[in-house]
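**Student:** The file below is structure-v5.cif, mmCIF, N, CA and C atoms:
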data_upload
loop_
_atom_site.label_atom_id
_atom_site.label_comp_id
_atom_site.auth_asym_id
_atom_site.auth_seq_id
_atom_site.Cartn_x
_atom_site.Cartn_y
_atom_site.Cartn_z
N MET A 245 69.00 76.81 50.22
CA MET A 245 69.30 77.27 48.88
C MET A 245 70.36 78.36 48.97
N ASP A 246 71.40 78.23 48.16
CA ASP A 246 72.51 79.20 48.17
C ASP A 246 72.17 80.39 47.28
N MET A 247 72.04 81.57 47.89
CA MET A 247 71.68 82.79 47.16
C MET A 247 72.90 83.40 46.47
N ASN A 248 74.10 82.90 46.73
CA ASN A 248 75.32 83.47 46.17
C ASN A 248 75.83 82.71 44.96
N VAL A 249 75.03 81.84 44.40
CA VAL A 249 75.45 81.05 43.25
C VAL A 249 75.53 81.94 42.02
N GLY A 250 76.61 81.80 41.26
CA GLY A 250 76.76 82.59 40.04
C GLY A 250 77.23 84.00 40.36
N SER A 251 77.50 84.73 39.31
CA SER A 251 77.97 86.10 39.52
C SER A 251 76.79 87.01 39.82
N PRO A 252 77.00 87.98 40.68
CA PRO A 252 75.91 88.89 40.99
C PRO A 252 75.62 89.81 39.81
N ARG A 253 74.38 90.19 39.72
CA ARG A 253 73.99 91.13 38.67
C ARG A 253 74.62 92.49 38.98
N PRO A 254 75.29 93.06 38.01
CA PRO A 254 75.92 94.36 38.30
C PRO A 254 74.86 95.43 38.56
N TYR A 255 75.13 96.23 39.54
CA TYR A 255 74.22 97.30 39.90
C TYR A 255 74.74 98.58 39.27
N ARG A 256 73.93 99.16 38.42
CA ARG A 256 74.32 100.39 37.76
C ARG A 256 73.45 101.52 38.28
N MET A 257 74.10 102.62 38.60
CA MET A 257 73.38 103.75 39.17
C MET A 257 73.14 104.81 38.10
N THR A 258 72.78 104.37 36.89
CA THR A 258 72.62 105.33 35.81
C THR A 258 71.49 106.31 36.06
N ALA A 259 70.36 105.83 36.55
CA ALA A 259 69.23 106.74 36.80
C ALA A 259 69.59 107.74 37.91
N ARG A 260 70.22 107.24 38.95
CA ARG A 260 70.61 108.12 40.06
C ARG A 260 71.66 109.13 39.60
N ALA A 261 72.63 108.67 38.83
CA ALA A 261 73.67 109.56 38.32
C ALA A 261 73.08 110.62 37.40
N GLN A 262 72.11 110.22 36.59
CA GLN A 262 71.46 111.16 35.69
C GLN A 262 70.68 112.22 36.49
N THR A 263 69.99 111.80 37.51
CA THR A 263 69.25 112.73 38.36
C THR A 263 70.22 113.69 39.07
N ALA A 264 71.33 113.16 39.55
CA ALA A 264 72.33 114.00 40.22
C ALA A 264 72.91 115.02 39.25
N ALA A 265 73.16 114.61 38.02
CA ALA A 265 73.69 115.53 37.01
C ALA A 265 72.67 116.62 36.68
N GLN A 266 71.40 116.24 36.60
CA GLN A 266 70.35 117.23 36.34
C GLN A 266 70.22 118.22 37.51
N THR A 267 70.37 117.74 38.71
CA THR A 267 70.33 118.62 39.88
C THR A 267 71.49 119.60 39.84
N THR A 268 72.68 119.10 39.51
CA THR A 268 73.84 119.97 39.40
C THR A 268 73.61 121.04 38.34
N GLU A 269 73.05 120.66 37.20
CA GLU A 269 72.76 121.63 36.14
C GLU A 269 71.78 122.70 36.62
N ARG A 270 70.74 122.29 37.35
CA ARG A 270 69.78 123.26 37.87
C ARG A 270 70.46 124.24 38.83
N ILE A 271 71.35 123.72 39.65
CA ILE A 271 72.07 124.57 40.60
C ILE A 271 72.98 125.54 39.85
N MET A 272 73.67 125.06 38.82
CA MET A 272 74.55 125.92 38.04
C MET A 272 73.74 127.03 37.34
N HIS A 273 72.64 126.65 36.72
CA HIS A 273 71.79 127.64 36.04
C HIS A 273 71.26 128.67 37.05
N ALA A 274 70.84 128.21 38.20
CA ALA A 274 70.31 129.12 39.22
C ALA A 274 71.40 130.09 39.68
N THR A 275 72.60 129.58 39.88
CA THR A 275 73.70 130.44 40.33
C THR A 275 74.02 131.49 39.28
N VAL A 276 74.07 131.08 38.01
CA VAL A 276 74.36 132.04 36.93
C VAL A 276 73.24 133.08 36.83
N GLU A 277 71.99 132.65 36.94
CA GLU A 277 70.88 133.61 36.89
C GLU A 277 70.99 134.63 38.02
N LEU A 278 71.30 134.17 39.21
CA LEU A 278 71.46 135.09 40.33
C LEU A 278 72.66 136.00 40.12
N TYR A 279 73.73 135.46 39.56
CA TYR A 279 74.93 136.25 39.30
C TYR A 279 74.66 137.35 38.28
N ARG A 280 73.82 137.05 37.30
CA ARG A 280 73.49 138.05 36.28
C ARG A 280 72.70 139.23 36.88
N GLU A 281 71.99 138.99 37.97
CA GLU A 281 71.07 139.99 38.52
C GLU A 281 71.52 140.61 39.84
N ASN A 282 72.51 140.03 40.50
CA ASN A 282 72.88 140.46 41.85
C ASN A 282 74.39 140.60 41.97
N TRP A 283 74.79 141.36 42.98
CA TRP A 283 76.20 141.41 43.33
C TRP A 283 76.58 140.07 43.94
N LEU A 284 77.82 139.70 43.77
CA LEU A 284 78.29 138.40 44.23
C LEU A 284 78.03 138.22 45.74
N ASP A 285 78.23 139.27 46.51
CA ASP A 285 78.03 139.14 47.95
C ASP A 285 76.56 138.99 48.34
N GLU A 286 75.65 139.18 47.40
CA GLU A 286 74.22 138.99 47.65
C GLU A 286 73.75 137.56 47.32
N ILE A 287 74.62 136.79 46.72
CA ILE A 287 74.26 135.42 46.33
C ILE A 287 74.59 134.49 47.50
N THR A 288 73.55 133.92 48.07
CA THR A 288 73.71 133.01 49.20
C THR A 288 73.32 131.59 48.77
N LEU A 289 73.76 130.63 49.56
CA LEU A 289 73.38 129.25 49.29
C LEU A 289 71.86 129.08 49.38
N ASP A 290 71.24 129.79 50.31
CA ASP A 290 69.78 129.73 50.44
C ASP A 290 69.09 130.19 49.16
N ARG A 291 69.55 131.31 48.61
CA ARG A 291 68.93 131.85 47.40
C ARG A 291 69.14 130.91 46.22
N VAL A 292 70.34 130.35 46.11
CA VAL A 292 70.62 129.41 45.02
C VAL A 292 69.75 128.17 45.15
N ALA A 293 69.69 127.62 46.34
CA ALA A 293 68.87 126.41 46.58
C ALA A 293 67.41 126.68 46.23
N ASP A 294 66.90 127.82 46.69
CA ASP A 294 65.51 128.17 46.41
C ASP A 294 65.26 128.29 44.91
N LYS A 295 66.14 128.99 44.21
CA LYS A 295 65.97 129.19 42.77
C LYS A 295 66.10 127.87 42.00
N ALA A 296 66.96 126.97 42.48
CA ALA A 296 67.17 125.68 41.81
C ALA A 296 66.11 124.65 42.19
N GLY A 297 65.33 124.95 43.22
CA GLY A 297 64.30 124.01 43.66
C GLY A 297 64.87 122.81 44.41
N VAL A 298 65.96 123.05 45.15
CA VAL A 298 66.58 121.99 45.94
C VAL A 298 66.77 122.51 47.36
N SER A 299 67.18 121.63 48.25
CA SER A 299 67.44 122.04 49.62
C SER A 299 68.85 122.63 49.72
N ILE A 300 69.06 123.42 50.74
CA ILE A 300 70.40 123.97 50.96
C ILE A 300 71.38 122.84 51.26
N LYS A 301 70.91 121.77 51.90
CA LYS A 301 71.77 120.61 52.18
C LYS A 301 72.27 119.98 50.89
N THR A 302 71.43 119.96 49.85
CA THR A 302 71.86 119.42 48.56
C THR A 302 73.00 120.26 47.98
N VAL A 303 72.85 121.57 48.06
CA VAL A 303 73.91 122.46 47.55
C VAL A 303 75.19 122.25 48.35
N GLN A 304 75.07 122.18 49.66
CA GLN A 304 76.24 121.98 50.50
C GLN A 304 76.90 120.62 50.25
N ARG A 305 76.09 119.59 50.06
CA ARG A 305 76.62 118.26 49.80
C ARG A 305 77.42 118.24 48.49
N LYS A 306 76.92 118.95 47.49
CA LYS A 306 77.58 118.95 46.18
C LYS A 306 78.80 119.86 46.12
N PHE A 307 78.76 121.00 46.83
CA PHE A 307 79.80 122.01 46.65
C PHE A 307 80.52 122.42 47.93
N GLY A 308 80.07 121.92 49.06
CA GLY A 308 80.72 122.22 50.32
C GLY A 308 80.27 123.54 50.92
N ASN A 309 80.62 124.62 50.28
CA ASN A 309 80.28 125.94 50.79
C ASN A 309 80.11 126.91 49.62
N ARG A 310 79.90 128.16 49.94
CA ARG A 310 79.65 129.18 48.92
C ARG A 310 80.84 129.32 47.96
N ASN A 311 82.05 129.33 48.51
CA ASN A 311 83.23 129.44 47.65
C ASN A 311 83.35 128.25 46.70
N GLY A 312 83.03 127.06 47.20
CA GLY A 312 83.05 125.87 46.35
C GLY A 312 82.02 125.98 45.24
N LEU A 313 80.84 126.49 45.58
CA LEU A 313 79.78 126.68 44.58
C LEU A 313 80.21 127.70 43.54
N LEU A 314 80.76 128.83 43.98
CA LEU A 314 81.16 129.87 43.03
C LEU A 314 82.29 129.40 42.13
N SER A 315 83.26 128.69 42.68
CA SER A 315 84.35 128.15 41.86
C SER A 315 83.83 127.15 40.84
N ALA A 316 82.96 126.26 41.28
CA ALA A 316 82.38 125.26 40.37
C ALA A 316 81.55 125.95 39.29
N THR A 317 80.85 127.01 39.64
CA THR A 317 80.03 127.73 38.67
C THR A 317 80.91 128.39 37.61
N MET A 318 82.00 129.01 38.03
CA MET A 318 82.90 129.65 37.05
C MET A 318 83.51 128.60 36.12
N GLN A 319 83.86 127.44 36.65
CA GLN A 319 84.38 126.36 35.81
C GLN A 319 83.30 125.86 34.85
N TRP A 320 82.08 125.76 35.33
CA TRP A 320 80.96 125.32 34.51
C TRP A 320 80.72 126.30 33.37
N ILE A 321 80.76 127.60 33.68
CA ILE A 321 80.61 128.62 32.63
C ILE A 321 81.69 128.44 31.58
N GLY A 322 82.92 128.24 32.01
CA GLY A 322 84.03 128.03 31.07
C GLY A 322 83.79 126.83 30.16
N ARG A 323 83.28 125.74 30.72
CA ARG A 323 82.98 124.56 29.89
C ARG A 323 81.86 124.84 28.91
N GLN A 324 80.84 125.61 29.33
CA GLN A 324 79.73 125.95 28.44
C GLN A 324 80.23 126.80 27.28
N VAL A 325 81.07 127.78 27.59
CA VAL A 325 81.62 128.66 26.56
C VAL A 325 82.47 127.86 25.58
N THR A 326 83.32 127.00 26.10
CA THR A 326 84.19 126.19 25.25
C THR A 326 83.36 125.28 24.35
N ALA A 327 82.36 124.63 24.91
CA ALA A 327 81.51 123.73 24.11
C ALA A 327 80.78 124.48 23.01
N GLN A 328 80.42 125.72 23.28
CA GLN A 328 79.68 126.51 22.28
C GLN A 328 80.61 127.10 21.23
N ARG A 329 81.80 127.47 21.61
CA ARG A 329 82.68 128.21 20.71
C ARG A 329 83.49 127.33 19.76
N PHE A 330 83.84 126.12 20.14
CA PHE A 330 84.84 125.37 19.40
C PHE A 330 84.36 124.30 18.42
N PRO A 331 83.08 124.08 18.22
CA PRO A 331 82.71 123.04 17.26
C PRO A 331 82.72 123.49 15.80
N VAL A 332 83.07 124.74 15.51
CA VAL A 332 83.06 125.23 14.14
C VAL A 332 84.21 124.61 13.35
N THR A 333 83.93 124.23 12.12
CA THR A 333 84.94 123.65 11.24
C THR A 333 85.97 124.72 10.86
N VAL A 334 87.24 124.34 10.97
CA VAL A 334 88.32 125.26 10.61
C VAL A 334 88.15 125.68 9.16
N GLY A 335 88.21 126.98 8.92
CA GLY A 335 88.10 127.52 7.57
C GLY A 335 86.70 127.96 7.18
N ASP A 336 85.70 127.59 7.96
CA ASP A 336 84.32 127.98 7.66
C ASP A 336 84.04 129.33 8.31
N VAL A 337 84.39 130.39 7.59
CA VAL A 337 84.33 131.74 8.13
C VAL A 337 82.89 132.15 8.46
N ASP A 338 81.95 131.80 7.60
CA ASP A 338 80.55 132.16 7.86
C ASP A 338 80.05 131.51 9.15
N ALA A 339 80.35 130.24 9.31
CA ALA A 339 79.92 129.53 10.53
C ALA A 339 80.63 130.11 11.76
N ALA A 340 81.89 130.47 11.61
CA ALA A 340 82.63 131.05 12.72
C ALA A 340 82.03 132.39 13.13
N ALA A 341 81.68 133.22 12.14
CA ALA A 341 81.07 134.52 12.43
C ALA A 341 79.71 134.35 13.10
N GLU A 342 78.92 133.41 12.60
CA GLU A 342 77.61 133.15 13.19
C GLU A 342 77.76 132.64 14.62
N ASN A 343 78.70 131.73 14.82
CA ASN A 343 78.96 131.18 16.14
C ASN A 343 79.38 132.29 17.10
N LEU A 344 80.22 133.19 16.64
CA LEU A 344 80.68 134.28 17.48
C LEU A 344 79.53 135.22 17.86
N MET A 345 78.66 135.50 16.91
CA MET A 345 77.50 136.34 17.20
C MET A 345 76.60 135.69 18.25
N ILE A 346 76.35 134.40 18.08
CA ILE A 346 75.52 133.67 19.05
C ILE A 346 76.20 133.69 20.42
N HIS A 347 77.52 133.48 20.40
CA HIS A 347 78.28 133.48 21.65
C HIS A 347 78.12 134.81 22.39
N TYR A 348 78.30 135.91 21.68
CA TYR A 348 78.22 137.21 22.35
C TYR A 348 76.80 137.55 22.78
N GLU A 349 75.80 137.09 22.04
CA GLU A 349 74.43 137.30 22.49
C GLU A 349 74.16 136.55 23.79
N GLN A 350 74.69 135.33 23.86
CA GLN A 350 74.44 134.49 25.03
C GLN A 350 75.33 134.87 26.21
N TRP A 351 76.63 135.09 25.97
CA TRP A 351 77.58 135.24 27.06
C TRP A 351 78.13 136.66 27.22
N GLY A 352 77.93 137.54 26.23
CA GLY A 352 78.46 138.89 26.31
C GLY A 352 78.02 139.65 27.55
N PRO A 353 76.72 139.66 27.87
CA PRO A 353 76.29 140.36 29.09
C PRO A 353 76.95 139.84 30.36
N LEU A 354 77.26 138.54 30.37
CA LEU A 354 77.92 137.98 31.54
C LEU A 354 79.36 138.51 31.64
N GLY A 355 80.01 138.70 30.49
CA GLY A 355 81.35 139.27 30.49
C GLY A 355 81.35 140.68 31.07
N LEU A 356 80.34 141.46 30.70
CA LEU A 356 80.21 142.80 31.27
C LEU A 356 79.93 142.73 32.77
N ARG A 357 79.13 141.75 33.15
CA ARG A 357 78.82 141.56 34.57
C ARG A 357 80.10 141.22 35.34
N HIS A 358 80.97 140.38 34.74
CA HIS A 358 82.26 140.05 35.37
C HIS A 358 83.04 141.34 35.64
N ALA A 359 83.10 142.23 34.66
CA ALA A 359 83.86 143.47 34.82
C ALA A 359 83.29 144.30 35.97
N MET A 360 81.98 144.36 36.08
CA MET A 360 81.35 145.12 37.17
C MET A 360 81.59 144.43 38.51
N GLN A 361 81.43 143.10 38.52
CA GLN A 361 81.60 142.35 39.77
C GLN A 361 83.05 142.43 40.27
N ALA A 362 84.00 142.50 39.34
CA ALA A 362 85.42 142.53 39.70
C ALA A 362 85.76 143.74 40.55
N GLN A 363 84.99 144.80 40.41
CA GLN A 363 85.23 146.00 41.22
C GLN A 363 84.92 145.77 42.69
N ARG A 364 84.09 144.78 42.97
CA ARG A 364 83.66 144.53 44.36
C ARG A 364 84.13 143.20 44.91
N SER A 365 84.73 142.36 44.05
CA SER A 365 85.08 141.01 44.49
C SER A 365 86.49 140.63 44.01
N GLU A 366 87.35 140.32 44.96
CA GLU A 366 88.70 139.84 44.59
C GLU A 366 88.60 138.52 43.83
N PHE A 367 87.64 137.69 44.20
CA PHE A 367 87.44 136.40 43.54
C PHE A 367 87.19 136.61 42.05
N VAL A 368 86.25 137.48 41.71
CA VAL A 368 85.92 137.73 40.31
C VAL A 368 87.08 138.49 39.64
N ALA A 369 87.70 139.41 40.35
CA ALA A 369 88.83 140.16 39.78
C ALA A 369 89.95 139.20 39.35
N SER A 370 90.17 138.16 40.12
CA SER A 370 91.21 137.19 39.76
C SER A 370 90.84 136.41 38.50
N ILE A 371 89.57 136.19 38.29
CA ILE A 371 89.10 135.50 37.07
C ILE A 371 89.21 136.42 35.87
N VAL A 372 88.81 137.67 36.05
CA VAL A 372 88.85 138.64 34.96
C VAL A 372 90.29 138.90 34.53
N ALA A 373 91.19 138.96 35.53
CA ALA A 373 92.61 139.21 35.22
C ALA A 373 93.17 138.08 34.40
#
Would you write the structure of this file as structure tokens?
**Tutor:**
Amino acid sequence: MDMNVGSPRPYRMTARAQTAAQTTERIMHATVELYRENWLDEITLDRVADKAGVSIKTVQRKFGNRNGLLSATMQWIGRQVTAQRFPVTVGDVDAAAENLMIHYEQWGPLGLRHAMQAQRSEFVASIVA
């Protein structure tokens, strides 16, 4: 019996991709939480992995090294801020003001943290600049 008759059923990795995306989100959240509470030089891959509930190998596989993780995290923060700030309808001043208040409640402390971290880290200073 020929097992190759007809076209093969396409294999979709949607469940695996979804799990990988969720793992990345957990790692990003863990990195930001650690960044909010610690100096940048105190954030290690081990601490991030532990906080995210993943292995250090998972973090390394996704980001390569600490610099890759930190760069990806800063880009992720930028995407989160953009997604939160820009859905307001042009001309809706009340919605814009409310959105801005929510933005500063959520991200304002991180902006202050950037300013403090920039004093000790060229990496963060380059982002702040």
**Student:** Grab the atom CA of A:Gln324 to atom CA of A:Trp351 distance for me, in Å with one decimal place.
**Tutor:**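 Between these atoms lies a distance of 9.6 Å.
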**Student:** Could you make a table, as CSV, of the residues of stretch 251-359 of chain A that have an atom within 8 Å of an atom of stretch 363-373 of chain A, each with its nearest atom pair and distance in Å to one decimal, counting all atoms listed in the file, in chain and number order?
**Tutor:**
residue,atom,partner,partner_atom,distance
A:Leu284,CA,A:Ser365,CA,7.3
A:Asp285,N,A:Arg364,C,7.3
A:Arg357,C,A:Gln363,N,7.9
A:His358,C,A:Gln363,N,6.2
A:Ala359,C,A:Gln363,N,4.8
**Student:** Care to translate the PyMOL selection byres (((chain A and resi 306-316 and name CA) around 8) and name CA) into actual residues of this file, as number ranges by chain?
**Tutor:** A: 268, 275, 288-289, 302-305, 317-320
**Student:** So, with only C-alpha atoms as the atoms that count, which of A:Ala259, A:Ser299, A:Glu342, A:Leu354 lies closest to A:Val276?
**Tutor:**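 Counting only C-alpha atoms, the residue closest to A:Val276 is A:Leu354.
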**Student:** So that I can check the secondary structure, give me every residue of chain A assigned alpha helix (DSSP H) by backbone DSSP, as a PyMOL selection string.
**Tutor:** chain A and resi 258-281+289-296+300-307+310-329+337-362+366-372
**Student:** Quick one: which residues end up in the PyMOL selection byres ((chain A and resi 296) around 7) for this structure, as a list in words?
**Tutor:**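 Taken over the shown coordinates, the PyMOL selection byres ((chain A and resi 296) around 7) returns Arg270, Ile271, His273, Ala274, Thr275, Arg291, Val292, Ala293, Asp294, Lys295, Gly297, Val298 and Ser299 of chain A.
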**Student:** Which distance in Å separates atom C of A:Ala340 and atom CA of A:Gln328, to one decimal?
**Tutor:**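 Atom CA of A:Gln328 lies 11.1 Å from atom C of A:Ala340.
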**Student:** Please, what distance in Å, to one decimal, runs between atom C of A:Gln266 and atom CA of A:Gly355?
**Tutor:**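 Atom-to-atom, atom C of A:Gln266 and atom CA of A:Gly355 are spaced 24.8 Å apart.
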**Student:** Tell me, as a list of chain:residue names, which residues lie within 8 Å of A:His347, counting only N, CA and C atoms; anything in the same chain fewer than 5 positions away does not count.
**Tutor:**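 Non-adjacent residues within range: A:Val325, A:Gln328, A:Arg329, A:Ala341, A:Glu342, A:Gly352, A:Pro353.
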**Student:** Nearest to A:Asp290: which of A:Ala362, A:Ala339, A:Leu278, A:Ala327 is it, counting only C-alpha atoms?
**Tutor:** A:Leu278
**Student:** How would stretch 267-292 of chain A read, as a compact mmCIF listing (two decimals), in the frame of the given file, once N, CA, C and O atoms are built in?
**Tutor:**
# COMPACT_ATOMS: atom_id res chain seq x y z
N THR A 267 70.37 117.74 38.71
CA THR A 267 70.33 118.62 39.88
C THR A 267 71.49 119.60 39.84
O THR A 267 71.32 120.80 40.09
N THR A 268 72.68 119.10 39.51
CA THR A 268 73.84 119.97 39.40
C THR A 268 73.61 121.04 38.34
O THR A 268 73.93 122.22 38.55
N GLU A 269 73.05 120.66 37.20
CA GLU A 269 72.76 121.63 36.14
C GLU A 269 71.78 122.70 36.62
O GLU A 269 71.97 123.89 36.35
N ARG A 270 70.74 122.29 37.35
CA ARG A 270 69.78 123.26 37.87
C ARG A 270 70.46 124.24 38.83
O ARG A 270 70.19 125.44 38.80
N ILE A 271 71.35 123.72 39.65
CA ILE A 271 72.07 124.57 40.60
C ILE A 271 72.98 125.54 39.85
O ILE A 271 73.05 126.73 40.18
N MET A 272 73.67 125.06 38.82
CA MET A 272 74.55 125.92 38.04
C MET A 272 73.74 127.03 37.34
O MET A 272 74.11 128.20 37.39
N HIS A 273 72.64 126.65 36.72
CA HIS A 273 71.79 127.64 36.04
C HIS A 273 71.26 128.67 37.05
O HIS A 273 71.24 129.87 36.76
N ALA A 274 70.84 128.21 38.20
CA ALA A 274 70.31 129.12 39.22
C ALA A 274 71.40 130.09 39.68
O ALA A 274 71.14 131.29 39.84
N THR A 275 72.60 129.58 39.88
CA THR A 275 73.70 130.44 40.33
C THR A 275 74.02 131.49 39.28
O THR A 275 74.21 132.67 39.59
N VAL A 276 74.07 131.08 38.01
CA VAL A 276 74.36 132.04 36.93
C VAL A 276 73.24 133.08 36.83
O VAL A 276 73.52 134.27 36.68
N GLU A 277 71.99 132.65 36.94
CA GLU A 277 70.88 133.61 36.89
C GLU A 277 70.99 134.63 38.02
O GLU A 277 70.81 135.83 37.78
N LEU A 278 71.30 134.17 39.21
CA LEU A 278 71.46 135.09 40.33
C LEU A 278 72.66 136.00 40.12
O LEU A 278 72.61 137.19 40.44
N TYR A 279 73.73 135.46 39.56
CA TYR A 279 74.93 136.25 39.30
C TYR A 279 74.66 137.35 38.28
O TYR A 279 75.19 138.44 38.39
N ARG A 280 73.82 137.05 37.30
CA ARG A 280 73.49 138.05 36.28
C ARG A 280 72.70 139.23 36.88
O ARG A 280 72.72 140.32 36.34
N GLU A 281 71.99 138.99 37.97
CA GLU A 281 71.07 139.99 38.52
C GLU A 281 71.52 140.61 39.84
O GLU A 281 70.93 141.61 40.27
N ASN A 282 72.51 140.03 40.50
CA ASN A 282 72.88 140.46 41.85
C ASN A 282 74.39 140.60 41.97
O ASN A 282 75.15 140.00 41.22
N TRP A 283 74.79 141.36 42.98
CA TRP A 283 76.20 141.41 43.33
C TRP A 283 76.58 140.07 43.94
O TRP A 283 75.76 139.40 44.57
N LEU A 284 77.82 139.70 43.77
CA LEU A 284 78.29 138.40 44.23
C LEU A 284 78.03 138.22 45.74
O LEU A 284 77.63 137.14 46.16
N ASP A 285 78.23 139.27 46.51
CA ASP A 285 78.03 139.14 47.95
C ASP A 285 76.56 138.99 48.34
O ASP A 285 76.24 138.69 49.49
N GLU A 286 75.65 139.18 47.40
CA GLU A 286 74.22 138.99 47.65
C GLU A 286 73.75 137.56 47.32
O GLU A 286 72.61 137.21 47.61
N ILE A 287 74.62 136.79 46.72
CA ILE A 287 74.26 135.42 46.33
C ILE A 287 74.59 134.49 47.50
O ILE A 287 75.74 134.33 47.88
N THR A 288 73.55 133.92 48.07
CA THR A 288 73.71 133.01 49.20
C THR A 288 73.32 131.59 48.77
O THR A 288 72.61 131.40 47.78
N LEU A 289 73.76 130.63 49.56
CA LEU A 289 73.38 129.25 49.29
C LEU A 289 71.86 129.08 49.38
O LEU A 289 71.27 128.33 48.61
N ASP A 290 71.24 129.79 50.31
CA ASP A 290 69.78 129.73 50.44
C ASP A 290 69.09 130.19 49.16
O ASP A 290 68.15 129.56 48.70
N ARG A 291 69.55 131.31 48.61
CA ARG A 291 68.93 131.85 47.40
C ARG A 291 69.14 130.91 46.22
O ARG A 291 68.24 130.71 45.41
N VAL A 292 70.34 130.35 46.11
CA VAL A 292 70.62 129.41 45.02
C VAL A 292 69.75 128.17 45.15
O VAL A 292 69.12 127.73 44.18
